[in-house]
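Participant: This structure is in structure tokens; I'll ask about it shortly.
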Amino acid sequence: MANAPMIESTRERAAANKQPAQHRRLRPCRWPELALIGCGVAVLAWAFILCTTLPATATAVHWSAAWAGLDAMEALGLIATGVLAARGDLRRALPAAATSMLLLVDAWFDQMTAGPGSDFAVALAMACFAELPLAVVCALVAWRALRAPPPPPV
């Protein structure tokens, strides 16, 4: 061991200790997996029906509550991700991934519901300079947490 090269980083130590890749065995789908696949197909069919039958405009009674609720969920997700990341907690991947998706949904609906002119320009600016960059940061935080080596046993 005296002649072994010194391994500096945690990532290099984890890579040096990894066993050869093992192939996962294919197993038959269980009912939850089949149910999720079936629900996904059903939602795609429902989305097609909505695209072809919904009116071009609609009035929402709780419009402000819907947007405020979405923004509140994004804020809580960003705070939870930041707190868990500051603690070095790998569970940060969960709120980071969820918050990334919420930010993408926010950007999408901002674009789809904005009126022409300055409303659309503001929605586009918010998407380009706030929502989409934050979504990418959250996705990277989640990805890095999932790829991090597990903490040493206590």
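Following the order of the structure tokens, chains are lettered A, B, ..., residues in each are numbered from 1, and ligands are numbered from 1.
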Range 128-133 of chain A: which residues within 8 Å, counting only C-alpha atoms, same-chain residues fewer than 2 positions away excluded, as a tab-separated table (two decimals) with C-alpha atoms, in the first residue's frame?
Facilitator:
chain	number	residue	atom	x	y	z
A	103	LEU	CA	-40.74	26.82	-12.05
A	104	LEU	CA	-41.05	25.26	-15.51
A	106	ASP	CA	-44.91	28.69	-13.97
A	107	ALA	CA	-42.93	29.82	-17.01
A	124	LEU	CA	-41.05	36.39	-21.33
A	125	ALA	CA	-38.55	38.40	-19.27
A	126	MET	CA	-39.60	36.59	-16.08
A	135	ALA	CA	-35.32	25.76	-12.72
A	136	VAL	CA	-31.93	24.83	-14.19
A	137	VAL	CA	-30.16	25.55	-10.89
Participant: Taking 6 positions as the minimum chain separation for residues in the same chain, which residues sit within 8 Å of range 94-99 of chain A when counting only C-alpha atoms? Answer as a ChimeraX atom specification.
Facilitator: /A:73-74,77-78,80-81,135,138-139,141-142
Participant: List the spatial neighbours of range 47-63 of chain A as an MDAnalysis selection string - criterion: any atom at most 10 Å away, only C-alpha atoms, same-chain residues fewer than 6 positions off excluded.
Facilitator: chainID A and resid 41 69 113
Participant: CA of Ala35 in chain A and CA of Leu70 in chain A, how far apart in Å?
Facilitator: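 Result for CA of Leu70 in chain A versus CA of Ala35 in chain A: 27.6 Å, one decimal.
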Participant: CA of Ala72 in chain A and CA of Pro116 in chain A, how far apart in Å?
Facilitator: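 Taking CA of Pro116 in chain A as the start and CA of Ala72 in chain A as the end point, the length is 26.1 Å.
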Participant: Return as a ChimeraX atom specification the full set of residues in range 82-130 of chain A whose backbone-based DSSP assignment is alpha helix (DSSP H).
Facilitator: /A:82-86,93-113,118-126
